[in-house]
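To keep things clear, I will list the structure first and then write my remarks on it.
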Amino acid sequence: MDQPAITTIRRALRVLRSERRRGCEDTAAPNGIEQLLRHVAGVLGSASIPDRARDAIRRLERDARGYADLPPRRRRPLITRGIQLLEAIAPPSAQPERPAAPGREPDAPPSALTWEDPVTELSGVGPARAEALKRLGIRTVGDLLLHCPVRYEDRRQVLTLRQLKHGQSAVVRAKVRRKGRRSSPRRGAAAIIPVSSGGAQGELLFFGQPWWARQLEVGEELIVVGTARIERGEVSIVVSECERVDGDGPDPAGVIVPVYASTEGISQRMVRKWARQALERCRMPDDPLPGRIVERRNLMALAEAIREVHLPANLPRQRAARHRLAYQELFALQLALAMRRSEVCRPDERSSLAVEGLAEELACTLPFQPTGAQERVMEEVLRDLAAPEPAHRLIHGEVGSGKTVVAALAMAAAARAGRQAAMMAPTEVLAEQHRESLGELLGPLGIEVVLLTAGMDAEARAAAELAVARGEVACVVGTHALFSDRIEFADLAVAVVDEQHRFGVRQRARLSDKGARPNVFVMSATPIPRTLALAVYGDFDVSVIDELPPGRKRPETRLLPDDERDRAWEFVRERVAEGRQAYVVCPAIDASEEMTTAAATFGELQDGALSGLRLGLVHGRLAPDERHAIMERFRVGQIDVLVATSLIEVGVNVPNATTIVILDAERFGLAQLHQLRGRVARASWQPHCLLVSGTSSAEALERLAVLTSTADGFEIAEQDLLRRGPGELDGVRQSGLPEMRIASILADTAALTEAREDAFAIIERDPALQDPEHRPLRDLVEQARGGNLWTL
């Protein structure tokens, strides 16, 4: 570093230290602190210092503009930051010598950090705190810098005790005037600290934190965040957060303060301190996004966004910073999806099947006329099968909309070509019903459908497995047994997955791997909101069967309070007297509870409100043979009322069952309730759904009321998403929604749409990311593929 730069740093440090001692009154520099920092930035702009340090000086100079107009509490953080920055880049000759303690070497300046360094490289993070940080998913310095705040406290307006109103949430500067005390144990452990502020006196109340009474000394200055209480003219603050005003550190007031997701053993102050330290010491990664995207989408630079999200200059910049980081995370996901689609949809002559006349041939065997929506989707499937690229299509359709007919068409194409097709279902009950339905549809075409499940007799299963391996069977229906290592297909050309969201990670991919790039169709009766579809099924073409067969009626849905459930049982008796059947669904938090809950309800009804009717009971703890026998008795009309858990949500087809009573409905999600009531919408009789709820929560009742006002599954799914969030929606986690650090499917719909458009455009031009400009994007793809994304 040249001498003019050294001299400038030495003089600037002297002035800034003097300014801090004087209380940041802008009196230490002849022409003001703003002019001083402008001069420093000009001199160091051409000095031989690291680029990161030069950028930090420029940011400091920019942030200090208008210094003279700032209140002292806003000036102090800038002065402290300037001193720390100049001390970090100053050569030894520019800093005053401090004698070392006897027998101890002088402290070395903190070393620079990299993105991959463990958090233990940060000052103050030992093994115990590193273990606590690991519970937050923070292992490296980079993890810490991507641990974005969940919200922000605007402390730019700091009040005194005299300015507070009862019930007001506020930031207050106060000074400890007497030693604190603990409250009486009978009233709960709390610390009570007498304080003064703005000429008024009051108390700070730390409920559940009695140790503050010992820790705070008389005369200490504090910044507290809390809720004011004013009773009989006496002011107190119920404190949610407290920080000391340290003369050598940044002032915790007058700024926008980040609030992080935290864990036991890690305070907010610790996370802020470590984040600030990481920002000062860590070299930021190069920006992986192409410059043209950053410019077109008006995105903040990566390094700037990382800093602003932790230390925002103002709220608009914080929002811009978070948007940039969310966009990048979603862009990585969409890149991975686009690459996956590019890989699975490469032309392959083995994927193309002859489909001429197939639709007409199948239509001749159907006992009904397909709906317009079915015909449209069947045409899309036929185009997929005839194309040189393997099909990769998601088929949405309400319960009873006719997805099985579409699946039969695809499977018939494989069989007619002398090849094989497989359908995978999530339960044995559903697999058995699909085998029966497909047998009725494909039998007239001379196509046999074989069942293969884990619950089959060992001899029958072995025979089925052998027939599949030899190619003697064209169509097979089964459960997860289909993708076990022992199952081999002679020539799998079509793979169909029903109720896709019910399967665990990578299971669909394992079924696809049983063939040479087969055509893949996944079906779901759970309507998926558009934003979730983009995030989870972004590599699929999408078809929607949005029309029910003629004569089908939407269920009439009513909400009943728990103390009126007798009305529900009276309604069930009336329907049974008319020759119809009914379901009663019981909630279960986990598998260990479902048997006892359902059995208790069954016993109460059998001996009480529904005595005299023929009742059956099914739950997930029954043996498969026993459960199948009860379901078959219900199907043929030997049982009037079936008491069950939510296992009947999918695949139960009993047209004569026209009423469903769902107990403790508030414990189910909207999408799941919609699925359940779809069980009674399979015939021309008017179906009924009775939701019985014991909750008094206005929010829960409002949520359930959505089902009484609409039968549109997609609208219901959107409402469920808005109310519960993607992390709680049934089946979404299983279907591959990633654990995102920053982005939110709810809050970042616009960013998701833009990221998808940009990512797919890049992969269309450069499928393997070979272009030099695109090579940094490979790391983003690997990060996305490293997550729990079985669609990738």
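Here's how to read the names in the structure tokens: chain A, B, ... by the order shown, residue numbers from 1 in each chain, ligand numbers from 1 in the order shown.
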*Can you list, as a PyMOL selection string, all residues belonging to segment 50-218 of chain A that DSSP tags as strand (DSSP E)?*
chain A and resi 151-154+169-176+181-182+190-197+200-207
Next, write the just-selected residues to a file, as a short mmCIF file (atom, residue, chain, number, x, y, z; two decimals), in the first residue's frame, keeping N, CA and C atoms as the atom set.
data_model
loop_
_atom_site.label_atom_id
_atom_site.label_comp_id
_atom_site.auth_asym_id
_atom_site.auth_seq_id
_atom_site.Cartn_x
_atom_site.Cartn_y
_atom_site.Cartn_z
N ARG A 151 -38.26 -11.88 9.72
CA ARG A 151 -38.93 -10.59 9.73
C ARG A 151 -37.93 -9.53 10.20
N TYR A 152 -38.39 -8.28 10.27
CA TYR A 152 -37.52 -7.17 10.66
C TYR A 152 -38.25 -6.29 11.66
N GLU A 153 -37.49 -5.73 12.61
CA GLU A 153 -38.02 -4.74 13.53
C GLU A 153 -37.49 -3.37 13.11
N ASP A 154 -38.39 -2.47 12.87
CA ASP A 154 -37.99 -1.12 12.48
C ASP A 154 -37.75 -0.31 13.75
N SER A 169 -46.93 -1.59 20.98
CA SER A 169 -45.65 -2.27 20.75
C SER A 169 -44.65 -1.23 20.29
N ALA A 170 -43.51 -1.17 20.94
CA ALA A 170 -42.59 -0.07 20.65
C ALA A 170 -41.16 -0.44 20.97
N VAL A 171 -40.26 0.41 20.47
CA VAL A 171 -38.84 0.34 20.79
C VAL A 171 -38.54 1.51 21.73
N VAL A 172 -37.92 1.22 22.87
CA VAL A 172 -37.70 2.24 23.89
C VAL A 172 -36.24 2.22 24.33
N ARG A 173 -35.66 3.43 24.50
CA ARG A 173 -34.33 3.56 25.07
C ARG A 173 -34.50 3.92 26.55
N ALA A 174 -33.87 3.14 27.43
CA ALA A 174 -34.03 3.36 28.86
C ALA A 174 -32.72 3.09 29.57
N LYS A 175 -32.60 3.64 30.81
CA LYS A 175 -31.39 3.46 31.62
C LYS A 175 -31.79 2.82 32.95
N VAL A 176 -31.02 1.81 33.36
CA VAL A 176 -31.29 1.12 34.62
C VAL A 176 -31.03 2.08 35.78
N ARG A 181 -35.03 -6.96 40.59
CA ARG A 181 -35.45 -7.96 41.56
C ARG A 181 -36.26 -9.04 40.85
N ARG A 182 -36.37 -10.16 41.52
CA ARG A 182 -37.21 -11.25 41.01
C ARG A 182 -38.61 -11.13 41.56
N ALA A 190 -40.03 -14.00 37.08
CA ALA A 190 -39.85 -12.85 36.20
C ALA A 190 -38.82 -11.92 36.82
N ALA A 191 -38.18 -11.13 35.98
CA ALA A 191 -37.28 -10.08 36.45
C ALA A 191 -37.98 -8.74 36.29
N ILE A 192 -37.85 -7.89 37.33
CA ILE A 192 -38.45 -6.56 37.31
C ILE A 192 -37.32 -5.56 37.46
N ILE A 193 -37.11 -4.73 36.44
CA ILE A 193 -35.97 -3.81 36.41
C ILE A 193 -36.48 -2.38 36.41
N PRO A 194 -36.20 -1.59 37.47
CA PRO A 194 -36.57 -0.17 37.47
C PRO A 194 -35.70 0.61 36.48
N VAL A 195 -36.34 1.43 35.63
CA VAL A 195 -35.60 2.19 34.62
C VAL A 195 -36.15 3.61 34.54
N SER A 196 -35.35 4.47 33.90
CA SER A 196 -35.80 5.83 33.60
C SER A 196 -35.60 6.09 32.12
N SER A 197 -36.44 6.99 31.56
CA SER A 197 -36.37 7.27 30.14
C SER A 197 -37.10 8.57 29.85
N ALA A 200 -39.06 10.22 32.63
CA ALA A 200 -40.10 9.42 33.28
C ALA A 200 -39.48 8.15 33.84
N GLN A 201 -40.18 7.53 34.77
CA GLN A 201 -39.70 6.29 35.38
C GLN A 201 -40.71 5.17 35.14
N GLY A 202 -40.19 3.97 35.12
CA GLY A 202 -41.04 2.82 34.92
C GLY A 202 -40.29 1.54 35.20
N GLU A 203 -40.83 0.41 34.76
CA GLU A 203 -40.21 -0.89 35.00
C GLU A 203 -40.21 -1.72 33.73
N LEU A 204 -39.18 -2.53 33.62
CA LEU A 204 -39.11 -3.53 32.56
C LEU A 204 -39.48 -4.88 33.16
N LEU A 205 -40.36 -5.63 32.49
CA LEU A 205 -40.81 -6.93 32.97
C LEU A 205 -40.30 -8.02 32.02
N PHE A 206 -39.47 -8.91 32.57
CA PHE A 206 -38.93 -10.02 31.78
C PHE A 206 -39.57 -11.31 32.29
N PHE A 207 -40.72 -11.69 31.73
CA PHE A 207 -41.42 -12.89 32.19
C PHE A 207 -40.68 -14.14 31.73
#
*Mind checking which residues fall within 10 Å of segment 443-450 of chain A, counting only C-alpha atoms, ignoring those fewer than 5 positions away in the same chain, and posting them as a list in words?*
Glu361, Leu362, Cys364, Thr365, Leu366, Met411, Ala412, Ala415, Arg416, Ala421, Ala422, Glu432, His434, Arg435, Glu436, Ser437, Leu438, Ala464, Glu465, Ala467, Val468, Glu472, Val473, Ala474, Cys475, Val476, Val477 and Gly478 of chain A
*Separation of atom CA of Gly471 of chain A and atom CA of Ala493 of chain A, in Å?*
11.8 Å
*Please provide as a ChimeraX atom specification all residues within 9 Å of Ala410 of chain A, with the sequence filter that same-chain residues fewer than 3 positions apart are discarded (counting only C-alpha atoms).*
/A:378,381-382,385,405-407,413-414,421,494-496,519,521
_Test item: residues at most 10 Å from Arg276 of chain A, only C-alpha atoms, excluding those fewer than 5 positions along its chain, as JSON, numbers by chain_ = {"A": [145, 270, 271, 281, 307, 310, 311]}
Those residues with N, CA, C and O atoms, as an mmCIF file, in the first residue's frame please?
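Wrote again_16.cif, looks like this:
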data_model
loop_
_atom_site.group_PDB
_atom_site.id
_atom_site.type_symbol
_atom_site.label_atom_id
_atom_site.label_comp_id
_atom_site.auth_asym_id
_atom_site.auth_seq_id
_atom_site.Cartn_x
_atom_site.Cartn_y
_atom_site.Cartn_z
ATOM 1 N N LEU A 145 -24.909 -17.041 6.075
ATOM 2 C CA LEU A 145 -25.263 -15.867 5.276
ATOM 3 C C LEU A 145 -26.532 -16.086 4.458
ATOM 4 O O LEU A 145 -27.166 -15.126 4.021
ATOM 5 N N MET A 270 -26.736 -13.124 19.203
ATOM 6 C CA MET A 270 -25.638 -13.958 18.716
ATOM 7 C C MET A 270 -25.678 -14.085 17.200
ATOM 8 O O MET A 270 -24.664 -13.917 16.513
ATOM 9 N N VAL A 271 -26.875 -14.416 16.676
ATOM 10 C CA VAL A 271 -26.978 -14.612 15.226
ATOM 11 C C VAL A 271 -26.629 -13.318 14.500
ATOM 12 O O VAL A 271 -25.918 -13.330 13.488
ATOM 13 N N ARG A 281 -15.853 -10.604 7.077
ATOM 14 C CA ARG A 281 -14.674 -11.444 6.860
ATOM 15 C C ARG A 281 -14.765 -12.370 5.658
ATOM 16 O O ARG A 281 -13.739 -12.856 5.175
ATOM 17 N N ARG A 307 -25.675 -8.781 1.712
ATOM 18 C CA ARG A 307 -25.443 -7.794 2.771
ATOM 19 C C ARG A 307 -26.754 -7.108 3.176
ATOM 20 O O ARG A 307 -27.050 -6.968 4.363
ATOM 21 N N HIS A 310 -29.257 -8.858 5.526
ATOM 22 C CA HIS A 310 -28.897 -8.909 6.946
ATOM 23 C C HIS A 310 -28.794 -7.521 7.575
ATOM 24 O O HIS A 310 -29.122 -7.352 8.755
ATOM 25 N N LEU A 311 -28.308 -6.547 6.812
ATOM 26 C CA LEU A 311 -28.120 -5.184 7.321
ATOM 27 C C LEU A 311 -28.790 -4.196 6.376
ATOM 28 O O LEU A 311 -28.121 -3.440 5.673
#
*For Glu379 of chain A, please output as a list in words all residues within 12 Å (counting only C-alpha atoms; exclusion window: fewer than 6 positions along the same chain).*
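After dropping sequence-adjacent residues, the list is Val355, Glu356, Gly357, Leu358, Ala359, Glu360, Gly372, Ala373, Leu385, Ala386, Val406, Leu409, Ala410 and Ser543 of chain A.
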Just-selected residues, N, CA and C atoms written as an mmCIF file, in the first residue's frame:
data_model
loop_
_atom_site.group_PDB
_atom_site.id
_atom_site.type_symbol
_atom_site.label_atom_id
_atom_site.label_comp_id
_atom_site.auth_asym_id
_atom_site.auth_seq_id
_atom_site.Cartn_x
_atom_site.Cartn_y
_atom_site.Cartn_z
ATOM 1 N N VAL A 355 -50.753 -45.747 -32.739
ATOM 2 C CA VAL A 355 -52.025 -45.464 -32.048
ATOM 3 C C VAL A 355 -53.195 -45.325 -33.005
ATOM 4 N N GLU A 356 -52.981 -45.527 -34.305
ATOM 5 C CA GLU A 356 -54.059 -45.345 -35.268
ATOM 6 C C GLU A 356 -55.255 -46.238 -34.932
ATOM 7 N N GLY A 357 -56.423 -45.632 -34.854
ATOM 8 C CA GLY A 357 -57.656 -46.366 -34.630
ATOM 9 C C GLY A 357 -57.860 -46.874 -33.214
ATOM 10 N N LEU A 358 -56.896 -46.633 -32.318
ATOM 11 C CA LEU A 358 -56.979 -47.195 -30.976
ATOM 12 C C LEU A 358 -58.126 -46.567 -30.177
ATOM 13 N N ALA A 359 -58.295 -45.257 -30.270
ATOM 14 C CA ALA A 359 -59.349 -44.575 -29.509
ATOM 15 C C ALA A 359 -60.724 -45.090 -29.931
ATOM 16 N N GLU A 360 -60.926 -45.253 -31.227
ATOM 17 C CA GLU A 360 -62.211 -45.744 -31.719
ATOM 18 C C GLU A 360 -62.446 -47.188 -31.257
ATOM 19 N N GLY A 372 -66.374 -34.555 -23.047
ATOM 20 C CA GLY A 372 -65.502 -33.757 -23.904
ATOM 21 C C GLY A 372 -64.112 -33.603 -23.316
ATOM 22 N N ALA A 373 -64.025 -33.440 -21.995
ATOM 23 C CA ALA A 373 -62.724 -33.290 -21.349
ATOM 24 C C ALA A 373 -61.918 -34.581 -21.467
ATOM 25 N N LEU A 385 -47.925 -40.576 -27.227
ATOM 26 C CA LEU A 385 -47.492 -41.943 -27.520
ATOM 27 C C LEU A 385 -46.935 -42.076 -28.929
ATOM 28 N N ALA A 386 -47.484 -41.288 -29.852
ATOM 29 C CA ALA A 386 -47.021 -41.378 -31.244
ATOM 30 C C ALA A 386 -45.747 -40.581 -31.479
ATOM 31 N N VAL A 406 -58.508 -42.978 -19.452
ATOM 32 C CA VAL A 406 -57.328 -42.421 -20.121
ATOM 33 C C VAL A 406 -56.135 -43.351 -19.918
ATOM 34 N N LEU A 409 -56.337 -46.369 -22.150
ATOM 35 C CA LEU A 409 -55.949 -46.083 -23.523
ATOM 36 C C LEU A 409 -54.441 -46.196 -23.702
ATOM 37 N N ALA A 410 -53.672 -45.588 -22.776
ATOM 38 C CA ALA A 410 -52.216 -45.635 -22.871
ATOM 39 C C ALA A 410 -51.705 -47.062 -22.715
ATOM 40 N N SER A 543 -52.332 -32.058 -18.182
ATOM 41 C CA SER A 543 -53.692 -32.159 -18.726
ATOM 42 C C SER A 543 -54.677 -32.117 -17.572
#
*Residue set, segment 109-231 of chain A restricted to helix (DSSP H, G or I), as a list of chain:residue names*: A:Val119, A:Thr120, A:Glu121, A:Pro127, A:Ala128, A:Arg129, A:Ala130, A:Glu131, A:Ala132, A:Leu133, A:Lys134, A:Val141, A:Gly142, A:Asp143, A:Leu144, A:Leu145, A:Leu161, A:Arg162, A:Gln163, A:Pro185, A:Arg186, A:Arg187, A:Trp212, A:Ala213, A:Arg214, A:Gln215
Can I get the selected residues back with N, CA, C and O atoms, as an mmCIF file, in the first residue's frame?
data_model
loop_
_atom_site.group_PDB
_atom_site.id
_atom_site.type_symbol
_atom_site.label_atom_id
_atom_site.label_comp_id
_atom_site.auth_asym_id
_atom_site.auth_seq_id
_atom_site.Cartn_x
_atom_site.Cartn_y
_atom_site.Cartn_z
ATOM 1 N N VAL A 119 -18.687 -22.946 10.610
ATOM 2 C CA VAL A 119 -19.040 -21.786 11.433
ATOM 3 C C VAL A 119 -18.127 -21.642 12.637
ATOM 4 O O VAL A 119 -18.042 -20.561 13.232
ATOM 5 N N THR A 120 -17.414 -22.707 12.999
ATOM 6 C CA THR A 120 -16.491 -22.601 14.126
ATOM 7 C C THR A 120 -15.328 -21.667 13.826
ATOM 8 O O THR A 120 -14.586 -21.301 14.737
ATOM 9 N N GLU A 121 -15.158 -21.258 12.579
ATOM 10 C CA GLU A 121 -14.126 -20.281 12.231
ATOM 11 C C GLU A 121 -14.533 -18.871 12.652
ATOM 12 O O GLU A 121 -13.718 -17.951 12.649
ATOM 13 N N PRO A 127 -17.844 -25.563 19.819
ATOM 14 C CA PRO A 127 -18.540 -26.806 19.447
ATOM 15 C C PRO A 127 -20.012 -26.841 19.870
ATOM 16 O O PRO A 127 -20.866 -27.300 19.115
ATOM 17 N N ALA A 128 -20.326 -26.349 21.088
ATOM 18 C CA ALA A 128 -21.717 -26.408 21.556
ATOM 19 C C ALA A 128 -22.615 -25.505 20.713
ATOM 20 O O ALA A 128 -23.716 -25.889 20.319
ATOM 21 N N ARG A 129 -22.153 -24.289 20.425
ATOM 22 C CA ARG A 129 -22.961 -23.375 19.621
ATOM 23 C C ARG A 129 -23.031 -23.850 18.171
ATOM 24 O O ARG A 129 -24.049 -23.649 17.496
ATOM 25 N N ALA A 130 -21.950 -24.469 17.683
ATOM 26 C CA ALA A 130 -21.993 -25.020 16.326
ATOM 27 C C ALA A 130 -23.043 -26.115 16.226
ATOM 28 O O ALA A 130 -23.745 -26.230 15.213
ATOM 29 N N GLU A 131 -23.182 -26.913 17.293
ATOM 30 C CA GLU A 131 -24.195 -27.974 17.294
ATOM 31 C C GLU A 131 -25.593 -27.372 17.300
ATOM 32 O O GLU A 131 -26.502 -27.867 16.632
ATOM 33 N N ALA A 132 -25.752 -26.268 18.058
ATOM 34 C CA ALA A 132 -27.054 -25.598 18.076
ATOM 35 C C ALA A 132 -27.374 -24.991 16.710
ATOM 36 O O ALA A 132 -28.512 -25.064 16.231
ATOM 37 N N LEU A 133 -26.382 -24.402 16.060
ATOM 38 C CA LEU A 133 -26.587 -23.848 14.721
ATOM 39 C C LEU A 133 -26.944 -24.941 13.720
ATOM 40 O O LEU A 133 -27.713 -24.716 12.779
ATOM 41 N N LYS A 134 -26.391 -26.121 13.917
ATOM 42 C CA LYS A 134 -26.685 -27.230 12.999
ATOM 43 C C LYS A 134 -28.168 -27.561 13.016
ATOM 44 O O LYS A 134 -28.732 -27.962 11.996
ATOM 45 N N VAL A 141 -20.135 -21.040 6.915
ATOM 46 C CA VAL A 141 -20.316 -19.591 6.883
ATOM 47 C C VAL A 141 -21.342 -19.220 5.813
ATOM 48 O O VAL A 141 -22.178 -18.334 6.004
ATOM 49 N N GLY A 142 -21.297 -19.913 4.678
ATOM 50 C CA GLY A 142 -22.268 -19.664 3.620
ATOM 51 C C GLY A 142 -23.683 -19.967 4.069
ATOM 52 O O GLY A 142 -24.625 -19.236 3.742
ATOM 53 N N ASP A 143 -23.847 -21.072 4.840
ATOM 54 C CA ASP A 143 -25.184 -21.391 5.384
ATOM 55 C C ASP A 143 -25.692 -20.249 6.250
ATOM 56 O O ASP A 143 -26.874 -19.892 6.210
ATOM 57 N N LEU A 144 -24.801 -19.673 7.054
ATOM 58 C CA LEU A 144 -25.196 -18.570 7.938
ATOM 59 C C LEU A 144 -25.644 -17.363 7.127
ATOM 60 O O LEU A 144 -26.671 -16.734 7.435
ATOM 61 N N LEU A 145 -24.909 -17.041 6.075
ATOM 62 C CA LEU A 145 -25.263 -15.867 5.276
ATOM 63 C C LEU A 145 -26.532 -16.086 4.458
ATOM 64 O O LEU A 145 -27.166 -15.126 4.021
ATOM 65 N N LEU A 161 -40.422 6.452 27.756
ATOM 66 C CA LEU A 161 -41.547 5.960 28.547
ATOM 67 C C LEU A 161 -42.724 6.932 28.514
ATOM 68 O O LEU A 161 -43.886 6.528 28.487
ATOM 69 N N ARG A 162 -42.421 8.218 28.493
ATOM 70 C CA ARG A 162 -43.471 9.228 28.531
ATOM 71 C C ARG A 162 -44.333 9.193 27.272
ATOM 72 O O ARG A 162 -45.496 9.613 27.289
ATOM 73 N N GLN A 163 -43.786 8.697 26.158
ATOM 74 C CA GLN A 163 -44.508 8.717 24.880
ATOM 75 C C GLN A 163 -45.377 7.488 24.657
ATOM 76 O O GLN A 163 -46.122 7.428 23.679
ATOM 77 N N PRO A 185 -42.368 -16.089 43.496
ATOM 78 C CA PRO A 185 -42.543 -17.370 42.784
ATOM 79 C C PRO A 185 -43.992 -17.701 42.513
ATOM 80 O O PRO A 185 -44.320 -18.377 41.544
ATOM 81 N N ARG A 186 -44.898 -17.244 43.404
ATOM 82 C CA ARG A 186 -46.328 -17.545 43.199
ATOM 83 C C ARG A 186 -46.849 -16.904 41.922
ATOM 84 O O ARG A 186 -47.818 -17.360 41.340
ATOM 85 N N ARG A 187 -46.204 -15.815 41.499
ATOM 86 C CA ARG A 187 -46.669 -15.097 40.310
ATOM 87 C C ARG A 187 -45.900 -15.507 39.060
ATOM 88 O O ARG A 187 -46.060 -14.907 38.018
ATOM 89 N N TRP A 212 -32.263 -11.826 34.279
ATOM 90 C CA TRP A 212 -31.966 -10.430 33.945
ATOM 91 C C TRP A 212 -31.791 -9.587 35.208
ATOM 92 O O TRP A 212 -31.105 -8.556 35.197
ATOM 93 N N ALA A 213 -32.407 -9.959 36.312
ATOM 94 C CA ALA A 213 -32.286 -9.188 37.553
ATOM 95 C C ALA A 213 -30.849 -9.165 38.054
ATOM 96 O O ALA A 213 -30.416 -8.202 38.690
ATOM 97 N N ARG A 214 -30.092 -10.234 37.771
ATOM 98 C CA ARG A 214 -28.693 -10.279 38.186
ATOM 99 C C ARG A 214 -27.766 -9.654 37.160
ATOM 100 O O ARG A 214 -26.706 -9.138 37.497
ATOM 101 N N GLN A 215 -28.141 -9.717 35.887
ATOM 102 C CA GLN A 215 -27.219 -9.342 34.816
ATOM 103 C C GLN A 215 -27.131 -7.846 34.568
ATOM 104 O O GLN A 215 -26.113 -7.352 34.112
#
